[in-house]
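As structure tokens, the structure follows; a few thoughts come after it.
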Amino acid sequence: MARVVPAVIRALDILELFLDRPEMSAREVIERLDLPRTTVHELLVTLVERAYLVPVPGQPVRYRLGLPVFQLGAAFAGRLDLVREAQGVARDVAAACDEAVHVAVLDGADVIYLVKVDSTHPVRMVSAVGRRLPAHCTAVGKILLAGLRRAELDAVLTKDPLPGMTPDSITDPDRLRAHLDVVRAEGLAVDMGESDSAMRCVAAAIRDHSGATVAAMSVSAPIIRWTEQAHPQWSELVRDGAARLSARMGHQARRR
């Protein structure tokens, strides 16, 4: 069996330090990785020689990521296909709960469903790929709205009241903003009969390599199967499914 090369592992460890900070000095690299000074110096010189790191003049000299890192990331991102990747993960989540799973994106004030995997139950959600719904009435939509900057959200919430789909839809913009604060904090959104009185949904965010929310995944079920036992189980399933799809889209959780 081929062995890993320690020097390559250490070089990659150095590059990964820059995931959560724009610049670092040699001393900071030494302290973070607990490596010998000579080893770090040789690795930094090598990475600078290949332009993976760029020295920033000063005392002490600091380093930032170079253009080849961006080129590699761009090449990877260009080969990603959200729909293709989402179909496999959505099928796994649907198989685990036997309920409908959707993946949707935001388009203005609406969501558009890109992927749907049905449950095998005779009573199930009526939906279709390509369907468009008001974002604020759906779990996937609320997750996507919660990922917007304040100015972007204000540009979407231009109607007062907002259009409703059921008596439980949130139609007051200020109430919706407060609700989205909770969604943002919890990392989950729930549709409690706001788009269809007979259905319940829970959704989580899908993020790309930059950390931006680019899509959302949901589990949807009729109210008759939305039990106190099922709800937390489905919440964890959709959170895990969204995290797995995010990883396939190049997202990495920040190191603490």
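Each chain of the structure tokens is named A, B, ... in the order shown, its residues numbered from 1; ligands are numbered from 1 in display order.
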
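With only C-alpha atoms taken into account, the protein and nucleic acid residues at most 9 Å from Ala247 of chain A (excluding it and anything under 4 positions from it in its own chain) are Ile206, Arg207, Asp208, His209, Ala242, Ala243, His251, Gln252 and Ala253 of chain A.
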
Non-local contacts of segment 87-90 of chain A (7 Å; only C-alpha atoms; under 4 positions in same chain excluded) as a list in words: Val83, Ala94, Val101, Val115, Val117, Gly241 and Leu245 of chain A

Residues of the last selection are to be written out with N, CA, C and O atoms, as a tab-separated table (two decimals), in the first residue's frame.
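again.tsv was written with the following content:
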chain	number	residue	atom	x	y	z
A	83	VAL	N	-28.04	20.10	-9.26
A	83	VAL	CA	-29.15	19.16	-9.44
A	83	VAL	C	-28.67	17.72	-9.38
A	83	VAL	O	-29.26	16.88	-8.70
A	94	ALA	N	-34.79	10.67	1.64
A	94	ALA	CA	-36.14	10.15	1.47
A	94	ALA	C	-36.22	8.68	1.87
A	94	ALA	O	-37.21	8.24	2.48
A	101	VAL	N	-38.88	14.62	-0.22
A	101	VAL	CA	-37.72	15.48	-0.02
A	101	VAL	C	-37.59	16.40	-1.23
A	101	VAL	O	-37.70	15.94	-2.38
A	115	VAL	N	-35.43	19.65	-7.37
A	115	VAL	CA	-35.36	18.21	-7.16
A	115	VAL	C	-36.52	17.79	-6.27
A	115	VAL	O	-36.85	18.48	-5.30
A	117	VAL	N	-38.04	14.00	-4.51
A	117	VAL	CA	-38.09	12.56	-4.34
A	117	VAL	C	-39.32	12.25	-3.52
A	117	VAL	O	-39.46	12.72	-2.39
A	241	GLY	N	-28.60	15.87	5.69
A	241	GLY	CA	-28.62	15.82	4.23
A	241	GLY	C	-28.13	17.12	3.62
A	241	GLY	O	-27.35	17.11	2.65
A	245	LEU	N	-24.79	17.63	1.26
A	245	LEU	CA	-24.85	18.25	-0.06
A	245	LEU	C	-23.98	19.50	-0.09
A	245	LEU	O	-23.31	19.77	-1.10

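We find atom CA of Ala86 of chain A and atom CA of Leu106 of chain A to be spaced 15.5 Å apart.
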
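Distances here use only C-alpha atoms; by that measure, the residue among A:Arg184, A:Gln59, A:Met165, A:Glu85 closest to Thr213 of chain A is A:Arg184.
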
Secondary structure check, helix (DSSP H, G or I) residues of segment 84-212 of chain A, as a PyMOL selection string: chain A and resi 84-97+135-137+139-146+150-156+173-186

Check which residues of segment 130-212 of chain A sit at most 9 Å from segment 224-238 of chain A using only C-alpha atoms, and return one row each with the closest pair of atoms and their distance in Å to one decimal, ordered by chain and rising number, as JSON lines.
{"residue": "A:Leu188", "atom": "CA", "partner": "A:Ser235", "partner_atom": "CA", "distance": 7.6}
{"residue": "A:Ala198", "atom": "CA", "partner": "A:Ile224", "partner_atom": "CA", "distance": 8.2}
{"residue": "A:Met199", "atom": "CA", "partner": "A:Trp226", "partner_atom": "CA", "distance": 8.4}
{"residue": "A:Arg200", "atom": "CA", "partner": "A:Trp226", "partner_atom": "CA", "distance": 6.8}
{"residue": "A:Cys201", "atom": "CA", "partner": "A:Trp226", "partner_atom": "CA", "distance": 8.9}
{"residue": "A:Val202", "atom": "CA", "partner": "A:Ser235", "partner_atom": "CA", "distance": 6.2}
{"residue": "A:Ala203", "atom": "CA", "partner": "A:Val238", "partner_atom": "CA", "distance": 6.4}
{"residue": "A:Ala204", "atom": "CA", "partner": "A:Val238", "partner_atom": "CA", "distance": 6.2}
